[in-house]
file query_1.cif (mmCIF, C-alpha atoms and all ligand atoms)
data_protein
#
loop_
_atom_site.label_atom_id
_atom_site.label_comp_id
_atom_site.auth_asym_id
_atom_site.auth_seq_id
_atom_site.Cartn_x
_atom_site.Cartn_y
_atom_site.Cartn_z
CA MET C 89 91.48 -146.26 -24.19
CA PHE C 90 87.94 -147.31 -23.38
CA ALA C 91 84.87 -145.67 -24.83
CA ILE C 92 82.99 -147.01 -21.83
CA ASP C 93 84.35 -147.93 -18.43
CA ALA C 94 81.59 -148.68 -15.91
CA HIS C 95 81.91 -150.09 -12.40
CA ASP C 96 79.19 -151.56 -10.23
CA VAL C 97 76.39 -149.49 -11.69
CA THR C 98 73.06 -149.98 -9.93
CA LYS C 99 69.61 -148.61 -10.63
CA THR C 100 66.34 -149.31 -8.85
CA PHE C 101 63.07 -147.92 -10.11
CA ARG C 102 60.36 -146.96 -7.67
CA SER C 103 56.83 -146.86 -8.95
CA GLY C 104 53.20 -147.42 -8.08
CA TRP C 105 51.28 -146.38 -5.00
CA LEU C 106 53.54 -144.19 -2.80
CA ARG C 107 56.36 -145.37 -5.06
CA ARG C 108 56.54 -148.50 -2.96
CA ARG C 109 57.07 -150.94 -5.78
CA GLU C 110 60.78 -151.40 -6.36
CA THR C 111 62.39 -152.90 -9.43
CA ALA C 112 66.12 -153.52 -9.34
CA ALA C 113 66.85 -152.90 -13.01
CA LEU C 114 70.65 -152.97 -12.64
CA ARG C 115 72.33 -154.77 -9.77
CA GLY C 116 76.00 -153.96 -10.12
CA VAL C 117 77.02 -153.82 -13.75
CA SER C 118 80.68 -153.44 -14.67
CA LEU C 119 81.54 -153.11 -18.32
CA THR C 120 84.33 -151.89 -20.56
CA VAL C 121 83.95 -151.23 -24.26
CA PRO C 122 87.02 -150.42 -26.38
CA ARG C 123 86.93 -147.41 -28.69
CA GLY C 124 85.95 -148.21 -32.23
CA ALA C 125 84.15 -151.41 -31.26
CA ILE C 126 80.68 -152.59 -32.09
CA PHE C 127 79.51 -154.01 -28.80
CA GLY C 128 76.29 -155.95 -28.30
CA LEU C 129 74.16 -156.22 -25.19
CA LEU C 130 72.02 -159.32 -25.40
CA GLY C 131 69.27 -160.15 -22.98
CA PRO C 132 65.62 -161.03 -22.53
CA ASN C 133 62.80 -158.57 -21.84
CA GLY C 134 63.34 -156.65 -18.65
CA ALA C 135 67.04 -157.61 -18.39
CA GLY C 136 68.11 -153.99 -17.94
CA LYS C 137 69.48 -153.27 -21.41
CA THR C 138 67.62 -150.01 -22.02
CA THR C 139 68.29 -148.88 -18.45
CA LEU C 140 72.02 -149.42 -18.94
CA LEU C 141 72.03 -147.54 -22.26
CA SER C 142 70.06 -144.72 -20.67
CA ILE C 143 72.59 -144.38 -17.86
CA LEU C 144 75.58 -144.51 -20.21
CA SER C 145 73.98 -141.89 -22.43
CA THR C 146 73.18 -139.62 -19.41
CA LEU C 147 69.39 -139.89 -19.78
CA LEU C 148 69.18 -141.54 -16.35
CA THR C 149 71.50 -141.22 -13.37
CA PRO C 150 72.78 -144.33 -11.61
CA ASP C 151 71.94 -144.88 -7.92
CA ALA C 152 75.47 -146.10 -7.22
CA GLY C 153 78.61 -147.05 -9.04
CA SER C 154 80.58 -145.05 -11.55
CA ALA C 155 80.68 -144.81 -15.30
CA ARG C 156 83.14 -142.99 -17.52
CA VAL C 157 82.10 -142.58 -21.11
CA LEU C 158 84.60 -141.15 -23.64
CA GLY C 159 86.72 -140.36 -20.63
CA LEU C 160 83.97 -138.25 -18.99
CA ASP C 161 81.94 -138.97 -15.88
CA VAL C 162 78.27 -139.61 -16.69
CA ARG C 163 77.13 -137.58 -13.68
CA ARG C 164 79.62 -134.72 -13.40
CA ASP C 165 80.35 -134.18 -17.10
CA ALA C 166 76.90 -135.02 -18.49
CA SER C 167 76.47 -131.92 -20.62
CA ALA C 168 79.92 -132.15 -22.22
CA LEU C 169 79.32 -135.83 -22.85
CA ARG C 170 75.93 -135.34 -24.48
CA ARG C 171 77.51 -133.29 -27.26
CA ARG C 172 79.73 -136.24 -28.18
CA LEU C 173 77.27 -139.12 -28.19
CA ASN C 174 73.84 -139.89 -29.50
CA MET C 175 71.29 -142.65 -29.50
CA ALA C 176 68.49 -144.14 -31.54
CA SER C 177 65.74 -146.44 -30.38
CA GLY C 178 64.03 -149.17 -32.33
CA ARG C 179 60.84 -147.81 -30.76
CA PRO C 180 61.34 -144.20 -31.78
CA SER C 181 58.87 -141.52 -30.81
CA PHE C 182 58.93 -138.05 -32.24
CA LEU C 183 56.27 -135.38 -32.32
CA TRP C 184 53.70 -136.96 -34.61
CA SER C 185 52.86 -133.83 -36.58
CA LEU C 186 56.44 -132.88 -37.47
CA ARG C 187 57.69 -133.71 -40.95
CA VAL C 188 60.79 -135.81 -41.52
CA GLY C 189 62.98 -132.85 -42.50
CA GLU C 190 61.69 -130.82 -39.55
CA ILE C 191 62.55 -133.56 -37.07
CA VAL C 192 66.15 -133.81 -38.23
CA ALA C 193 66.44 -130.01 -38.29
CA LEU C 194 64.96 -129.68 -34.78
CA TYR C 195 67.61 -131.97 -33.35
CA GLY C 196 70.31 -130.23 -35.37
CA ARG C 197 69.27 -126.93 -33.75
CA LEU C 198 69.39 -128.53 -30.30
CA TYR C 199 73.05 -129.28 -30.99
CA GLY C 200 73.67 -125.67 -32.02
CA LEU C 201 73.52 -125.95 -35.80
CA HIS C 202 71.83 -123.19 -37.77
CA GLY C 203 71.75 -121.50 -41.17
CA ARG C 204 73.72 -123.16 -43.96
CA ALA C 205 75.45 -125.69 -41.75
CA LEU C 206 72.07 -126.92 -40.49
CA ARG C 207 70.61 -127.15 -43.98
CA ARG C 208 73.67 -129.04 -45.21
CA LYS C 209 73.49 -131.50 -42.32
CA VAL C 210 69.77 -132.14 -42.81
CA ASP C 211 70.29 -132.65 -46.56
CA GLU C 212 73.17 -135.05 -45.92
CA LEU C 213 71.24 -137.18 -43.45
CA VAL C 214 67.98 -137.19 -45.39
CA GLU C 215 69.96 -138.43 -48.39
CA LEU C 216 72.02 -140.94 -46.42
CA TYR C 217 68.87 -142.59 -45.11
CA GLU C 218 67.03 -142.38 -48.44
CA LEU C 219 64.36 -140.17 -46.93
CA VAL C 220 64.31 -137.61 -49.73
CA PRO C 221 60.82 -138.63 -50.97
CA TYR C 222 59.47 -138.46 -47.40
CA ARG C 223 61.03 -135.18 -46.39
CA ARG C 224 57.66 -133.42 -46.13
CA VAL C 225 55.68 -136.38 -44.78
CA PRO C 226 54.46 -136.08 -41.16
CA TYR C 227 56.06 -138.55 -38.79
CA SER C 228 52.72 -140.17 -37.90
CA GLU C 229 52.24 -141.28 -41.50
CA LEU C 230 55.51 -143.20 -41.75
CA SER C 231 55.90 -146.99 -41.66
CA THR C 232 57.92 -148.67 -38.89
CA GLY C 233 60.97 -148.98 -41.14
CA LEU C 234 60.85 -145.31 -42.13
CA LYS C 235 60.43 -144.21 -38.52
CA GLN C 236 63.54 -146.15 -37.64
CA ARG C 237 65.44 -144.47 -40.48
CA VAL C 238 64.38 -141.07 -39.14
CA ALA C 239 65.66 -142.10 -35.70
CA LEU C 240 69.01 -143.11 -37.21
CA ALA C 241 69.21 -139.87 -39.19
CA LYS C 242 68.53 -137.87 -36.04
CA SER C 243 71.20 -139.81 -34.16
CA LEU C 244 73.96 -138.56 -36.47
CA VAL C 245 73.15 -134.82 -36.37
CA ASN C 246 76.00 -134.08 -33.98
CA ASP C 247 78.57 -136.38 -35.64
CA PRO C 248 78.75 -138.50 -32.49
CA GLU C 249 81.86 -140.43 -31.49
CA LEU C 250 79.69 -142.95 -29.69
CA LEU C 251 76.28 -144.20 -30.71
CA PHE C 252 73.81 -146.19 -28.63
CA LEU C 253 71.30 -148.18 -30.64
CA ASP C 254 68.47 -149.75 -28.67
CA GLU C 255 67.14 -152.67 -30.72
CA PRO C 256 67.84 -151.05 -34.07
CA THR C 257 66.15 -153.80 -36.10
CA LEU C 258 63.06 -154.27 -33.94
CA GLY C 259 60.00 -155.06 -36.02
CA LEU C 260 61.73 -154.62 -39.37
CA ASP C 261 61.29 -156.87 -42.39
CA PRO C 262 64.23 -159.27 -42.81
CA ASP C 263 65.56 -157.51 -45.91
CA VAL C 264 65.37 -154.13 -44.19
CA SER C 265 67.14 -155.57 -41.11
CA VAL C 266 69.99 -156.76 -43.31
CA ARG C 267 70.41 -153.26 -44.71
CA VAL C 268 70.30 -151.66 -41.27
CA ARG C 269 73.02 -154.05 -40.08
CA GLN C 270 75.17 -153.28 -43.11
CA HIS C 271 74.68 -149.61 -42.43
CA ILE C 272 75.72 -149.96 -38.77
CA ALA C 273 78.89 -151.79 -39.84
CA ARG C 274 79.61 -148.98 -42.30
CA LEU C 275 79.18 -146.27 -39.65
CA ARG C 276 81.98 -147.86 -37.67
CA ARG C 277 84.16 -148.55 -40.71
CA GLU C 278 83.84 -145.19 -42.40
CA ARG C 279 83.31 -142.83 -39.48
CA GLY C 280 85.06 -144.74 -36.72
CA ILE C 281 82.01 -144.43 -34.46
CA THR C 282 81.95 -146.71 -31.43
CA ILE C 283 78.59 -148.46 -31.36
CA VAL C 284 76.83 -150.12 -28.45
CA LEU C 285 73.62 -151.85 -29.44
CA THR C 286 71.05 -154.02 -27.74
CA THR C 287 69.32 -156.91 -29.41
CA HIS C 288 67.34 -160.05 -28.78
CA TYR C 289 68.80 -161.71 -31.82
CA MET C 290 71.81 -163.94 -31.39
CA ARG C 291 72.45 -163.90 -35.12
CA GLU C 292 72.42 -160.13 -35.26
CA ALA C 293 74.97 -159.97 -32.47
CA GLU C 294 77.17 -162.56 -34.12
CA GLU C 295 77.11 -160.89 -37.48
CA LEU C 296 77.74 -157.39 -36.26
CA CYS C 297 79.46 -157.31 -32.90
CA ASP C 298 83.13 -157.70 -32.02
CA GLU C 299 82.07 -158.59 -28.51
CA VAL C 300 78.83 -159.20 -26.68
CA ALA C 301 77.71 -159.23 -23.08
CA PHE C 302 74.77 -161.23 -21.79
CA ILE C 303 72.66 -159.35 -19.33
CA LYS C 304 69.82 -160.80 -17.30
CA GLY C 305 68.10 -159.66 -14.15
CA GLY C 306 70.31 -156.56 -14.04
CA LEU C 307 73.55 -158.54 -14.06
CA ILE C 308 76.08 -159.28 -16.75
CA LEU C 309 76.40 -163.04 -16.85
CA ALA C 310 79.13 -163.34 -19.46
CA ARG C 311 81.02 -161.36 -22.06
CA GLY C 312 83.34 -162.11 -24.92
CA THR C 313 83.44 -162.58 -28.66
CA PRO C 314 80.52 -164.70 -29.89
CA ALA C 315 82.90 -167.59 -30.57
CA GLU C 316 84.50 -167.33 -27.11
CA LEU C 317 81.13 -167.39 -25.42
CA LYS C 318 79.97 -170.42 -27.30
CA ARG C 319 83.16 -172.25 -26.42
CA GLN C 320 82.98 -171.08 -22.83
CA ILE C 321 79.49 -172.41 -22.32
CA ARG C 322 79.99 -175.37 -24.63
CA LEU C 323 77.10 -174.30 -26.70
CA GLY C 324 76.76 -176.48 -29.73
CA GLU C 325 74.27 -176.62 -32.54
CA VAL C 326 70.78 -178.04 -32.27
CA ILE C 327 69.57 -181.06 -34.21
CA ALA C 328 65.78 -181.10 -34.18
CA LEU C 329 64.12 -184.40 -35.03
CA LYS C 330 60.54 -185.53 -35.65
CA LEU C 331 60.51 -189.23 -34.99
CA ASP C 332 58.20 -192.20 -35.11
CA PRO C 333 57.91 -193.42 -32.38
CA PRO C 334 58.20 -189.86 -31.04
CA ALA C 335 60.41 -190.58 -28.00
CA VAL C 336 63.78 -192.32 -28.08
CA PRO C 337 65.19 -192.64 -24.54
CA TRP C 338 68.82 -193.37 -25.52
CA LEU C 339 69.14 -190.20 -27.60
CA ALA C 340 70.03 -188.05 -24.57
CA GLU C 341 72.94 -190.40 -23.82
CA ALA C 342 74.29 -190.61 -27.39
CA PRO C 343 77.91 -189.50 -27.96
CA GLY C 344 78.30 -185.73 -28.42
CA VAL C 345 74.75 -184.97 -27.23
CA LEU C 346 74.88 -182.31 -24.53
CA ARG C 347 71.20 -181.88 -23.92
CA CYS C 348 67.92 -183.26 -25.19
CA VAL C 349 64.49 -181.67 -24.81
CA GLU C 350 61.09 -182.36 -26.28
CA GLU C 351 59.08 -179.49 -27.67
CA ASP C 352 55.94 -179.49 -29.81
CA GLY C 353 56.57 -183.03 -30.98
CA TRP C 354 60.19 -182.26 -31.88
CA ILE C 355 63.16 -183.68 -30.05
CA GLU C 356 65.85 -181.04 -29.86
CA CYS C 357 69.34 -182.38 -29.27
CA THR C 358 72.09 -179.90 -28.54
CA VAL C 359 75.28 -181.43 -29.89
CA ASP C 360 78.94 -180.44 -29.86
CA GLU C 361 79.36 -180.72 -33.64
CA ALA C 362 76.33 -181.15 -35.88
CA GLU C 363 78.29 -182.19 -38.97
CA LYS C 364 79.82 -185.12 -37.14
CA ARG C 365 76.88 -186.11 -34.94
CA LEU C 366 74.01 -185.90 -37.41
CA PRO C 367 75.08 -188.91 -39.55
CA GLU C 368 75.91 -190.90 -36.40
CA ILE C 369 72.50 -190.18 -34.89
CA LEU C 370 70.64 -190.94 -38.12
CA ARG C 371 72.49 -194.26 -38.47
CA ALA C 372 71.72 -195.22 -34.87
CA LEU C 373 68.04 -194.30 -35.25
CA HIS C 374 67.80 -196.33 -38.43
CA ALA C 375 69.44 -199.32 -36.75
CA ASP C 376 66.91 -199.03 -33.92
CA GLY C 377 63.99 -199.08 -36.38
CA VAL C 378 62.99 -195.47 -35.63
CA VAL C 379 61.54 -193.58 -38.59
CA VAL C 380 62.87 -190.04 -39.08
CA ARG C 381 59.98 -187.88 -40.31
CA ASN C 382 61.81 -184.59 -40.34
CA VAL C 383 65.18 -183.19 -39.35
CA GLN C 384 66.52 -179.66 -39.00
CA VAL C 385 69.82 -178.29 -37.83
CA HIS C 386 69.99 -174.83 -36.37
CA GLU C 387 72.01 -172.59 -34.10
CA PRO C 388 71.00 -172.49 -30.48
CA GLU C 389 68.47 -169.79 -29.75
CA LEU C 390 69.22 -166.96 -27.38
CA GLU C 391 66.94 -168.63 -24.88
CA GLU C 392 69.15 -171.73 -24.81
CA VAL C 393 72.23 -169.62 -24.28
CA PHE C 394 70.56 -168.20 -21.22
CA VAL C 395 69.50 -171.55 -19.90
CA GLU C 396 73.16 -172.53 -19.96
CA LEU C 397 74.35 -169.25 -18.50
CA ALA C 398 71.80 -169.15 -15.69
CA LYS C 399 72.88 -172.56 -14.36
N1 LIG D 401 60.68 -146.00 -15.60
C1 LIG D 401 60.55 -147.18 -15.02
N2 LIG D 401 59.82 -147.34 -13.90
C2 LIG D 401 59.70 -148.53 -13.29
N3 LIG D 401 60.29 -149.65 -13.71
C3 LIG D 401 61.05 -149.56 -14.82
C4 LIG D 401 61.22 -148.34 -15.53
N4 LIG D 401 62.03 -148.57 -16.60
C5 LIG D 401 62.34 -149.88 -16.57
N5 LIG D 401 61.76 -150.49 -15.50
C6 LIG D 401 61.92 -151.90 -15.09
O1 LIG D 401 63.30 -152.18 -15.01
C7 LIG D 401 63.61 -153.46 -15.55
C8 LIG D 401 64.59 -153.33 -16.68
O2 LIG D 401 63.96 -152.68 -17.76
P1 LIG D 401 64.68 -152.34 -19.14
O3 LIG D 401 63.74 -151.53 -19.93
O4 LIG D 401 66.03 -151.78 -18.87
O5 LIG D 401 64.84 -153.81 -19.77
P2 LIG D 401 65.27 -154.23 -21.25
O6 LIG D 401 66.38 -155.24 -21.11
O7 LIG D 401 65.54 -153.03 -22.08
O8 LIG D 401 63.97 -154.99 -21.76
P3 LIG D 401 63.32 -155.06 -23.25
O9 LIG D 401 64.09 -156.15 -23.94
O10 LIG D 401 61.93 -155.46 -22.98
O11 LIG D 401 63.47 -153.74 -23.89
C9 LIG D 401 62.27 -154.06 -15.97
O12 LIG D 401 61.82 -154.87 -14.92
C10 LIG D 401 61.37 -152.85 -16.14
O13 LIG D 401 60.05 -153.19 -15.86
MG MG D 402 64.72 -152.27 -23.79
#
call {"tool": "encode", "arguments": {"input": "query_1.cif", "output": "structure tokens", "more": "lines below"}}
Ligand SMILES: Nc1ncnc2c1ncn2[C@@H]1O[C@H](COP(=O)(O)OP(=O)(O)OP(=O)(O)O)[C@@H](O)[C@H]1O
Ligand SMILES: [Mg+2]
result
Amino acid sequence: MFAIDAHDVTKTFRSGWLRRRETAALRGVSLTVPRGAIFGLLGPNGAGKTTLLSILSTLLTPDAGSARVLGLDVRRDASALRRRLNMASGRPSFLWSLRVGEIVALYGRLYGLHGRALRRKVDELVELYELVPYRRVPYSELSTGLKQRVALAKSLVNDPELLFLDEPTLGLDPDVSVRVRQHIARLRRERGITIVLTTHYMREAEELCDEVAFIKGGLILARGTPAELKRQIRLGEVIALKLDPPAVPWLAEAPGVLRCVEEDGWIECTVDEAEKRLPEILRALHADGVVVRNVQVHEPELEEVFVELAK
């Protein structure tokens, strides 16, 4: 059974003078997400990630296409569906003057909680997100990390079966991001919540998601497990070299080198297998009298994945 089953969803925004400016945010997106999965939507700015989440969570209606979420139609069954899902944004905005406890309670009331049940739920979530010391602090006085924790706390008030997280680690310190990711994994493990999240970070998707889809220009370009995708697009690791002399023409043709680009004085070689190719390349450079000033090996960046996918 799918948590999400969407077919050919399109959405065009009209804005500006006489609403004449049109932006095709989604141009026929089909997507299935199994129940209990953590699913990642990866894509650059403006790809359509937030628009897709908004449609699947009933905040926006699609122009065309169909989407069933938890077995319900996002248009016809929107109100029944809303009770069973929730979302949190990495750019949360709540009424600035409300205090942390009041925000969580407000949303609890919107889902029909009151009296003891409401107080218990607010206590539980304030504790879960370690917000106890901030309970009476107005939202506007919180740091980015705390605001995000409030957004996550709010997103669990109705014990959702499905949670949409729009860039949950945006702007967080690395150590805080790690904890947020661990927490997301725990929500699935302990509560069985299906989670669909968006991110710009390849590593975040790899660490957290069972499957990812790449979206760009309102279209899904590929989907699969991170390992499948890398194999599918033959995406290797990157060996970055600072050389003297700085350019070595034969490098692009060396065995196992898929691609070579120059950037900021670095030569970045995408290779099939860094462990095997690095010693070979270093030996060949040495034999050619080229001095290696610096060398780094890293995973391909999201941008490089897209370069490959957009071809
Ligand atoms: N309310 C709106 N009115 C007009 N255009 C919009 C609106 N919302 C989104 N868009 C446009 O639709 C496209 C997709 O936007 P969306 O916010 O879904 O992208 P995104 O993948 O979430 O990007 P980001 O990574 O920057 O959050 C963009 O070109 C954006 O400018
Ligand atoms: Mg977005």
call {"tool": "closest_residue", "arguments": {"input": "query_1.cif", "among": "C:Gly153, C:Gly305, C:Pro180, C:Gly353", "to": "Ser231 in chain C", "atoms": "all atoms listed in the file"}}
result
C:Pro180
call {"tool": "residues_near_ligand", "arguments": {"input": "query_1.cif", "ligand": "ligand MG 402 (chain D)", "cutoff": "12 Å", "atoms": "all atoms listed in the file", "output": "number ranges by chain"}}
result
C: 113, 129-142, 176-180, 252-256, 258, 285-288, 303-304
call {"tool": "residues_near_point", "arguments": {"input": "query_1.cif", "point": "(75.5, -162.4, -29.6)", "cutoff": "9 Å", "atoms": "all atoms listed in the file", "output": "MDAnalysis selection string"}}
result
chainID C and resid 128:130 287:297 299:302 313:314 317 390
call {"tool": "atom_distance", "arguments": {"input": "query_1.cif", "atom1": "CA of Glu350 in chain C", "atom2": "CA of Lys364 in chain C"}}
result
21.8 Å
call {"tool": "closest_residue", "arguments": {"input": "query_1.cif", "among": "C:Asn246, C:His271, C:Leu307, C:Val266", "to": "ligand LIG 401 (chain D)", "atoms": "all atoms listed in the file"}}
result
C:Leu307
call {"tool": "closest_residue", "arguments": {"input": "query_1.cif", "among": "C:Ser181, C:Ser243, C:Glu229, C:Arg237", "to": "Tyr195 in chain C", "atoms": "only C-alpha atoms"}}
result
C:Ser243
call {"tool": "closest_residue", "arguments": {"input": "query_1.cif", "among": "C:Gly306, C:Leu373, C:Ala125, C:Trp105", "to": "ligand LIG 401 (chain D)", "atoms": "all atoms listed in the file"}}
result
C:Gly306
